[in-house]
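K.L.:
Below is the file structure-v9.pdb, with PDB, C-alpha atoms.
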```
ATOM      1  CA  MET A  14      86.999  66.474 216.742  1.00  0.00           C
ATOM      2  CA  GLU A  15      84.181  68.486 218.292  1.00  0.00           C
ATOM      3  CA  PRO A  16      82.720  67.018 221.511  1.00  0.00           C
ATOM      4  CA  LEU A  17      79.555  64.972 220.991  1.00  0.00           C
ATOM      5  CA  THR A  18      76.651  64.247 223.292  1.00  0.00           C
ATOM      6  CA  GLU A  19      75.161  60.829 223.868  1.00  0.00           C
ATOM      7  CA  GLN A  20      72.092  61.847 221.841  1.00  0.00           C
ATOM      8  CA  GLU A  21      74.229  63.022 218.900  1.00  0.00           C
ATOM      9  CA  ILE A  22      76.161  59.751 218.947  1.00  0.00           C
ATOM     10  CA  ARG A  23      73.026  57.591 219.032  1.00  0.00           C
ATOM     11  CA  ALA A  24      71.444  59.580 216.174  1.00  0.00           C
ATOM     12  CA  ALA A  25      74.587  59.201 214.024  1.00  0.00           C
ATOM     13  CA  PHE A  26      74.482  55.396 213.549  1.00  0.00           C
ATOM     14  CA  VAL A  27      74.115  54.471 209.892  1.00  0.00           C
ATOM     15  CA  ASN A  28      74.283  50.663 209.988  1.00  0.00           C
ATOM     16  CA  CYS A  29      71.944  49.632 212.791  1.00  0.00           C
ATOM     17  CA  SER A  30      68.332  50.259 213.711  1.00  0.00           C
ATOM     18  CA  LYS A  31      67.274  53.173 215.900  1.00  0.00           C
ATOM     19  CA  GLY A  32      66.314  50.627 218.567  1.00  0.00           C
ATOM     20  CA  ALA A  33      69.752  49.022 218.489  1.00  0.00           C
ATOM     21  CA  ALA A  34      71.380  52.467 218.653  1.00  0.00           C
ATOM     22  CA  LYS A  35      69.266  53.264 221.726  1.00  0.00           C
ATOM     23  CA  ARG A  36      70.339  50.054 223.483  1.00  0.00           C
ATOM     24  CA  LEU A  37      74.084  50.146 222.823  1.00  0.00           C
ATOM     25  CA  ASN A  38      76.494  51.281 225.534  1.00  0.00           C
ATOM     26  CA  VAL A  39      77.890  54.758 224.893  1.00  0.00           C
ATOM     27  CA  PRO A  40      80.992  55.726 226.921  1.00  0.00           C
ATOM     28  CA  ARG A  41      80.015  57.275 230.232  1.00  0.00           C
ATOM     29  CA  ASP A  42      83.060  59.522 230.252  1.00  0.00           C
ATOM     30  CA  LEU A  43      82.258  61.633 227.172  1.00  0.00           C
ATOM     31  CA  ALA A  44      83.144  64.855 229.013  1.00  0.00           C
ATOM     32  CA  GLU A  45      86.632  63.483 229.822  1.00  0.00           C
ATOM     33  CA  GLN A  46      87.483  62.344 226.282  1.00  0.00           C
ATOM     34  CA  PRO A  47      90.576  64.053 224.772  1.00  0.00           C
ATOM     35  CA  TRP A  48      88.403  65.579 222.009  1.00  0.00           C
ATOM     36  CA  ALA A  49      91.160  67.914 220.753  1.00  0.00           C
ATOM     37  CA  ASP A  50      93.370  64.875 220.026  1.00  0.00           C
ATOM     38  CA  LEU A  51      90.644  62.719 218.448  1.00  0.00           C
ATOM     39  CA  ASP A  52      89.915  62.352 214.754  1.00  0.00           C
ATOM     40  CA  TYR A  53      87.116  59.973 215.675  1.00  0.00           C
ATOM     41  CA  LEU A  54      85.651  58.483 218.828  1.00  0.00           C
ATOM     42  CA  GLY A  55      86.054  54.729 219.054  1.00  0.00           C
ATOM     43  CA  TRP A  56      85.209  52.342 221.880  1.00  0.00           C
ATOM     44  CA  ARG A  57      84.594  48.710 222.761  1.00  0.00           C
ATOM     45  CA  ASP A  58      81.473  47.744 224.684  1.00  0.00           C
ATOM     46  CA  PRO A  59      82.623  46.718 228.179  1.00  0.00           C
ATOM     47  CA  GLN A  60      79.608  44.411 228.556  1.00  0.00           C
ATOM     48  CA  ALA A  61      80.042  42.796 225.124  1.00  0.00           C
ATOM     49  CA  PRO A  62      83.774  42.931 224.203  1.00  0.00           C
ATOM     50  CA  ASP A  63      83.145  41.689 220.657  1.00  0.00           C
ATOM     51  CA  ARG A  64      81.157  44.858 219.918  1.00  0.00           C
ATOM     52  CA  ALA A  65      82.939  48.009 218.843  1.00  0.00           C
ATOM     53  CA  TYR A  66      81.746  51.415 217.709  1.00  0.00           C
ATOM     54  CA  LEU A  67      83.188  54.462 216.041  1.00  0.00           C
ATOM     55  CA  VAL A  68      81.916  57.963 215.329  1.00  0.00           C
ATOM     56  CA  ILE A  69      83.613  60.290 212.848  1.00  0.00           C
ATOM     57  CA  ALA A  70      82.594  63.715 211.568  1.00  0.00           C
ATOM     58  CA  LEU A  71      82.293  63.642 207.781  1.00  0.00           C
ATOM     59  CA  ASP A  72      81.002  66.562 205.746  1.00  0.00           C
ATOM     60  CA  GLY A  73      80.274  68.418 208.965  1.00  0.00           C
ATOM     61  CA  ARG A  74      78.062  65.760 210.550  1.00  0.00           C
ATOM     62  CA  PRO A  75      78.776  62.721 212.692  1.00  0.00           C
ATOM     63  CA  ARG A  76      78.538  59.232 211.212  1.00  0.00           C
ATOM     64  CA  ALA A  77      78.655  56.232 213.522  1.00  0.00           C
ATOM     65  CA  LEU A  78      79.252  52.554 212.801  1.00  0.00           C
ATOM     66  CA  ALA A  79      78.431  49.484 214.841  1.00  0.00           C
ATOM     67  CA  MET A  80      81.026  46.754 214.344  1.00  0.00           C
ATOM     68  CA  ARG A  81      81.973  43.297 215.563  1.00  0.00           C
ATOM     69  CA  ALA A  82      85.548  42.580 216.529  1.00  0.00           C
ATOM     70  CA  SER A  83      87.188  39.272 215.789  1.00  0.00           C
ATOM     71  CA  ASN A  84      88.398  37.134 218.678  1.00  0.00           C
ATOM     72  CA  ALA A  85      92.091  37.304 219.489  1.00  0.00           C
ATOM     73  CA  GLY A  86      92.250  33.711 218.323  1.00  0.00           C
ATOM     74  CA  SER A  87      95.086  31.293 218.791  1.00  0.00           C
ATOM     75  CA  GLY A  88      96.982  33.151 221.496  1.00  0.00           C
ATOM     76  CA  GLN A  89      99.881  33.903 219.179  1.00  0.00           C
ATOM     77  CA  THR A  90     101.272  37.381 219.418  1.00  0.00           C
ATOM     78  CA  ARG A  91     102.435  38.238 215.941  1.00  0.00           C
ATOM     79  CA  ARG A  92     102.799  41.799 214.750  1.00  0.00           C
ATOM     80  CA  SER A  93      99.918  43.202 212.720  1.00  0.00           C
ATOM     81  CA  MET A  94      99.287  46.635 211.246  1.00  0.00           C
ATOM     82  CA  CYS A  95      96.175  48.772 211.618  1.00  0.00           C
ATOM     83  CA  SER A  96      94.874  49.659 208.145  1.00  0.00           C
ATOM     84  CA  MET A  97      93.630  53.038 209.412  1.00  0.00           C
ATOM     85  CA  CYS A  98      96.619  54.604 211.211  1.00  0.00           C
ATOM     86  CA  LEU A  99      99.399  52.189 210.125  1.00  0.00           C
ATOM     87  CA  THR A 100     100.468  51.432 213.693  1.00  0.00           C
ATOM     88  CA  THR A 101     101.833  47.926 214.227  1.00  0.00           C
ATOM     89  CA  HIS A 102     100.945  45.982 217.357  1.00  0.00           C
ATOM     90  CA  SER A 103     101.779  42.621 218.868  1.00  0.00           C
ATOM     91  CA  GLY A 104      98.283  41.206 219.236  1.00  0.00           C
ATOM     92  CA  GLY A 105      96.660  44.671 219.294  1.00  0.00           C
ATOM     93  CA  VAL A 106      94.950  44.642 215.890  1.00  0.00           C
ATOM     94  CA  SER A 107      91.491  43.160 215.318  1.00  0.00           C
ATOM     95  CA  LEU A 108      89.396  42.543 212.256  1.00  0.00           C
ATOM     96  CA  MET A 109      86.447  44.926 212.690  1.00  0.00           C
ATOM     97  CA  VAL A 110      83.424  43.926 210.648  1.00  0.00           C
ATOM     98  CA  ALA A 111      80.575  46.361 210.063  1.00  0.00           C
ATOM     99  CA  PRO A 112      77.210  45.400 208.579  1.00  0.00           C
ATOM    100  CA  ARG A 113      76.534  47.466 205.462  1.00  0.00           C
ATOM    101  CA  ALA A 114      73.900  50.162 205.768  1.00  0.00           C
ATOM    102  CA  GLY A 115      70.387  49.682 204.434  1.00  0.00           C
ATOM    103  CA  ARG A 116      69.120  46.721 202.471  1.00  0.00           C
ATOM    104  CA  ALA A 117      72.603  45.285 201.885  1.00  0.00           C
ATOM    105  CA  GLY A 118      73.152  45.024 205.626  1.00  0.00           C
ATOM    106  CA  GLN A 119      69.734  43.477 206.135  1.00  0.00           C
ATOM    107  CA  GLN A 120      70.772  40.807 203.630  1.00  0.00           C
ATOM    108  CA  GLY A 121      73.870  40.057 205.713  1.00  0.00           C
ATOM    109  CA  ASN A 122      76.494  41.935 203.705  1.00  0.00           C
ATOM    110  CA  SER A 123      79.360  43.424 205.670  1.00  0.00           C
ATOM    111  CA  VAL A 124      82.681  45.212 205.278  1.00  0.00           C
ATOM    112  CA  GLY A 125      85.796  44.557 207.330  1.00  0.00           C
ATOM    113  CA  ALA A 126      89.087  46.262 208.111  1.00  0.00           C
ATOM    114  CA  TYR A 127      91.999  45.590 210.440  1.00  0.00           C
ATOM    115  CA  MET A 128      92.041  48.283 213.136  1.00  0.00           C
ATOM    116  CA  CYS A 129      93.716  48.994 216.438  1.00  0.00           C
ATOM    117  CA  SER A 130      91.845  46.773 218.908  1.00  0.00           C
ATOM    118  CA  ASP A 131      91.360  49.671 221.320  1.00  0.00           C
ATOM    119  CA  LEU A 132      90.303  52.042 218.482  1.00  0.00           C
ATOM    120  CA  ALA A 133      92.836  54.638 219.668  1.00  0.00           C
ATOM    121  CA  CYS A 134      94.358  55.410 216.242  1.00  0.00           C
ATOM    122  CA  SER A 135      94.239  59.170 216.849  1.00  0.00           C
ATOM    123  CA  LEU A 136      96.341  58.835 219.995  1.00  0.00           C
ATOM    124  CA  TYR A 137      98.881  56.483 218.368  1.00  0.00           C
ATOM    125  CA  VAL A 138      99.344  58.825 215.391  1.00  0.00           C
ATOM    126  CA  ARG A 139      99.951  61.784 217.725  1.00  0.00           C
ATOM    127  CA  GLY A 140     102.316  59.834 219.988  1.00  0.00           C
ATOM    128  CA  LYS A 141      99.938  60.221 222.977  1.00  0.00           C
ATOM    129  CA  LYS A 142      99.685  56.449 223.322  1.00  0.00           C
ATOM    130  CA  ASP A 143     102.533  53.994 222.810  1.00  0.00           C
ATOM    131  CA  ALA A 144     102.076  50.619 221.146  1.00  0.00           C
ATOM    132  CA  GLY A 145     105.635  49.541 221.931  1.00  0.00           C
ATOM    133  CA  VAL A 146     108.976  49.355 220.160  1.00  0.00           C
ATOM    134  CA  GLY A 147     108.673  49.481 216.383  1.00  0.00           C
ATOM    135  CA  ALA A 148     104.977  50.346 216.471  1.00  0.00           C
ATOM    136  CA  ARG A 149     105.319  53.456 214.342  1.00  0.00           C
ATOM    137  CA  LEU A 150     107.352  53.241 211.164  1.00  0.00           C
ATOM    138  CA  HIS A 151     109.691  56.139 210.484  1.00  0.00           C
ATOM    139  CA  GLU A 152     108.015  58.423 207.981  1.00  0.00           C
ATOM    140  CA  THR A 153     109.041  61.730 206.471  1.00  0.00           C
ATOM    141  CA  ILE A 154     105.512  63.137 206.297  1.00  0.00           C
ATOM    142  CA  THR A 155     104.215  65.637 208.849  1.00  0.00           C
ATOM    143  CA  LEU A 156     101.842  64.904 211.691  1.00  0.00           C
ATOM    144  CA  GLU A 157      99.098  66.762 209.807  1.00  0.00           C
ATOM    145  CA  GLU A 158      99.623  64.486 206.790  1.00  0.00           C
ATOM    146  CA  LYS A 159      99.468  61.389 209.017  1.00  0.00           C
ATOM    147  CA  VAL A 160      96.223  62.664 210.554  1.00  0.00           C
ATOM    148  CA  ARG A 161      94.769  63.375 207.078  1.00  0.00           C
ATOM    149  CA  ARG A 162      95.743  59.878 205.918  1.00  0.00           C
ATOM    150  CA  THR A 163      94.087  58.265 208.964  1.00  0.00           C
ATOM    151  CA  VAL A 164      90.908  60.306 208.458  1.00  0.00           C
ATOM    152  CA  ALA A 165      90.896  59.453 204.732  1.00  0.00           C
ATOM    153  CA  ASN A 166      91.255  55.728 205.531  1.00  0.00           C
ATOM    154  CA  LEU A 167      88.375  55.935 208.028  1.00  0.00           C
ATOM    155  CA  ALA A 168      86.234  57.919 205.572  1.00  0.00           C
ATOM    156  CA  ALA A 169      86.845  55.261 202.914  1.00  0.00           C
ATOM    157  CA  PHE A 170      85.785  52.537 205.351  1.00  0.00           C
ATOM    158  CA  VAL A 171      82.609  54.463 206.251  1.00  0.00           C
ATOM    159  CA  ALA A 172      81.911  54.962 202.523  1.00  0.00           C
ATOM    160  CA  LYS A 173      82.186  51.191 201.918  1.00  0.00           C
ATOM    161  CA  VAL A 174      79.659  50.609 204.698  1.00  0.00           C
ATOM    162  CA  THR A 175      77.199  53.268 203.528  1.00  0.00           C
ATOM    163  CA  THR A 176      77.276  52.950 199.722  1.00  0.00           C
ATOM    164  CA  ALA A 177      74.777  50.711 198.017  1.00  0.00           C
TER     165      ALA A 177
END
```
Have the structure of the file written as structure tokens, please.
P.N.:
Amino acid sequence: MEPLTEQEIRAAFVNCSKGAAKRLNVPRDLAEQPWADLDYLGWRDPQAPDRAYLVIALDGRPRALAMRASNAGSGQTRRSMCSMCLTTHSGGVSLMVAPRAGRAGQQGNSVGAYMCSDLACSLYVRGKKDAGVGARLHETITLEEKVRRTVANLAAFVAKVTTA
């Protein structure tokens, strides 16, 4: 992924108002992000842990989503799988719910997907971050194919949020 500036990130939000995009907390360490290893930039708001954001480049331009993360819940640590990168975690997957863009979102419609709670799918796929024993299923496809699959899953999620 190409490095993005704070202004580019704020301008890329498709499912919140310009005012909300101005007020949200963008990571302060953008210059230190491992951009070469990222298929998208994802982060949780440190001041509001139930808020999560992601930015992905689609068709040559960044698209950003504001999402709400589900609470961890009952304290049970059962294994769950991220629907984007197919990494399994013990307690490290959250239901991320994004308001739909436009009128549908204003009417309260939303789309959800189970994702890595820390939004680090790119790093799990590349083996740069470890989710523990058994987190990555053995697959015979190449790293490039895994990356393409993750990007395709994210693109499909963004499309569900942005289509009327």
K.L.:
Once the PyMOL selection byres ((chain A and resi 102) around 12) has been applied to the shown file, what residues remain in the selection, as a ChimeraX atom specification?
P.N.:
/A:90-96,98-101,103-107,127-131,134,137,143-150
K.L.:
Going by the chain IDs and residue numbers used in this file, which residues fall under the PyMOL selection byres ((chain A and resi 21) around 10)? Write them as a list in words.
P.N.:
Pro16, Leu17, Thr18, Glu19, Gln20, Ile22, Arg23, Ala24, Ala25, Phe26, Val68, Arg74, Pro75, Arg76 and Ala77 of chain A
K.L.:
Could you turn the residues from that selection into a file that holds C-alpha atoms, as a PDB file, keeping the file's coordinate frame?
P.N.:
```
ATOM      1  CA  PRO A  16      82.720  67.018 221.511  1.00  0.00           C
ATOM      2  CA  LEU A  17      79.555  64.972 220.991  1.00  0.00           C
ATOM      3  CA  THR A  18      76.651  64.247 223.292  1.00  0.00           C
ATOM      4  CA  GLU A  19      75.161  60.829 223.868  1.00  0.00           C
ATOM      5  CA  GLN A  20      72.092  61.847 221.841  1.00  0.00           C
ATOM      6  CA  ILE A  22      76.161  59.751 218.947  1.00  0.00           C
ATOM      7  CA  ARG A  23      73.026  57.591 219.032  1.00  0.00           C
ATOM      8  CA  ALA A  24      71.444  59.580 216.174  1.00  0.00           C
ATOM      9  CA  ALA A  25      74.587  59.201 214.024  1.00  0.00           C
ATOM     10  CA  PHE A  26      74.482  55.396 213.549  1.00  0.00           C
ATOM     11  CA  VAL A  68      81.916  57.963 215.329  1.00  0.00           C
ATOM     12  CA  ARG A  74      78.062  65.760 210.550  1.00  0.00           C
ATOM     13  CA  PRO A  75      78.776  62.721 212.692  1.00  0.00           C
ATOM     14  CA  ARG A  76      78.538  59.232 211.212  1.00  0.00           C
ATOM     15  CA  ALA A  77      78.655  56.232 213.522  1.00  0.00           C
TER      16      ALA A  77
END
```
K.L.:
Which residues are near Ala49 in chain A? Cut-off 12 Å, all atoms listed in the file, ignore same chain within fewer than 4 positions. Put them as a ChimeraX atom specification.
P.N.:
/A:14-17,44-45,53-54,135-136,139,141
K.L.:
Produce a file of the selected residues containing C-alpha atoms, as a PDB file, keeping the file's coordinate frame.
P.N.:
```
ATOM      1  CA  MET A  14      86.999  66.474 216.742  1.00  0.00           C
ATOM      2  CA  GLU A  15      84.181  68.486 218.292  1.00  0.00           C
ATOM      3  CA  PRO A  16      82.720  67.018 221.511  1.00  0.00           C
ATOM      4  CA  LEU A  17      79.555  64.972 220.991  1.00  0.00           C
ATOM      5  CA  ALA A  44      83.144  64.855 229.013  1.00  0.00           C
ATOM      6  CA  GLU A  45      86.632  63.483 229.822  1.00  0.00           C
ATOM      7  CA  TYR A  53      87.116  59.973 215.675  1.00  0.00           C
ATOM      8  CA  LEU A  54      85.651  58.483 218.828  1.00  0.00           C
ATOM      9  CA  SER A 135      94.239  59.170 216.849  1.00  0.00           C
ATOM     10  CA  LEU A 136      96.341  58.835 219.995  1.00  0.00           C
ATOM     11  CA  ARG A 139      99.951  61.784 217.725  1.00  0.00           C
ATOM     12  CA  LYS A 141      99.938  60.221 222.977  1.00  0.00           C
TER      13      LYS A 141
END
```
K.L.:
Could you jot down the CA of Arg113 in chain A to CA of Asp52 in chain A separation for me, Å, one decimal place?
P.N.:
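Separation of CA of Arg113 in chain A and CA of Asp52 in chain A: 22.1 Å.
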K.L.:
Figure out the distance between CA of Thr163 in chain A and CA of Thr176 in chain A, please, to one decimal in Å.
P.N.:
19.9 Å
K.L.:
Taking (83.1, 51.6, 201.6) as a centre in this file's frame and 12 Å as the limit, can you find every polymer residue with an atom that close, using only C-alpha atoms, and give them as a PyMOL selection string?
P.N.:
chain A and resi 78+110-114+122-126+165-177
K.L.:
Which value, in Å to one decimal, gives the distance between CA of Arg41 in chain A and CA of Ala70 in chain A?
P.N.:
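Distance between the two atoms: 19.9 Å.
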K.L.:
Calculated over all atoms listed in the file, which of the candidates A:Glu152, A:Met97, A:Pro40, A:Met80 has the smallest distance to Asn28 in chain A?
P.N.:
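Between A:Glu152, A:Met97, A:Pro40, A:Met80, the residue approaching Asn28 in chain A most closely is A:Met80.
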K.L.:
Please return the centre and edge lengths, in Å to one decimal, of a box with edges along x, y and z that contains all listed atoms of range 166-173 of chain A, widened by 6 Å on every side, as AutoDock Vina command-line options.
P.N.:
```
--center_x 86.6 --center_y 54.6 --center_z 205.0 --size_x 21.3 --size_y 18.7 --size_z 18.1
```
K.L.:
Which of these, A:Val138, A:Ala133, A:Leu108, A:Ala33, has the shortest distance to Arg162 in chain A once you count all atoms listed in the file?
P.N.:
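Closest to Arg162 in chain A, using all atoms listed in the file: A:Val138.
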K.L.:
Evaluate the PyMOL selection byres ((chain A and resi 65) around 7) and record the selected residues as a short mmCIF file (atom, residue, chain, number, x, y, z; two decimals) with C-alpha atoms, in the frame of the given file, following the chain and residue labels used in the document.
P.N.:
```
data_model
loop_
_atom_site.label_atom_id
_atom_site.label_comp_id
_atom_site.auth_asym_id
_atom_site.auth_seq_id
_atom_site.Cartn_x
_atom_site.Cartn_y
_atom_site.Cartn_z
CA TRP A 56 85.21 52.34 221.88
CA ARG A 57 84.59 48.71 222.76
CA ASP A 58 81.47 47.74 224.68
CA ASP A 63 83.14 41.69 220.66
CA ARG A 64 81.16 44.86 219.92
CA TYR A 66 81.75 51.42 217.71
CA ALA A 79 78.43 49.48 214.84
CA MET A 80 81.03 46.75 214.34
CA ARG A 81 81.97 43.30 215.56
CA ALA A 82 85.55 42.58 216.53
#
```
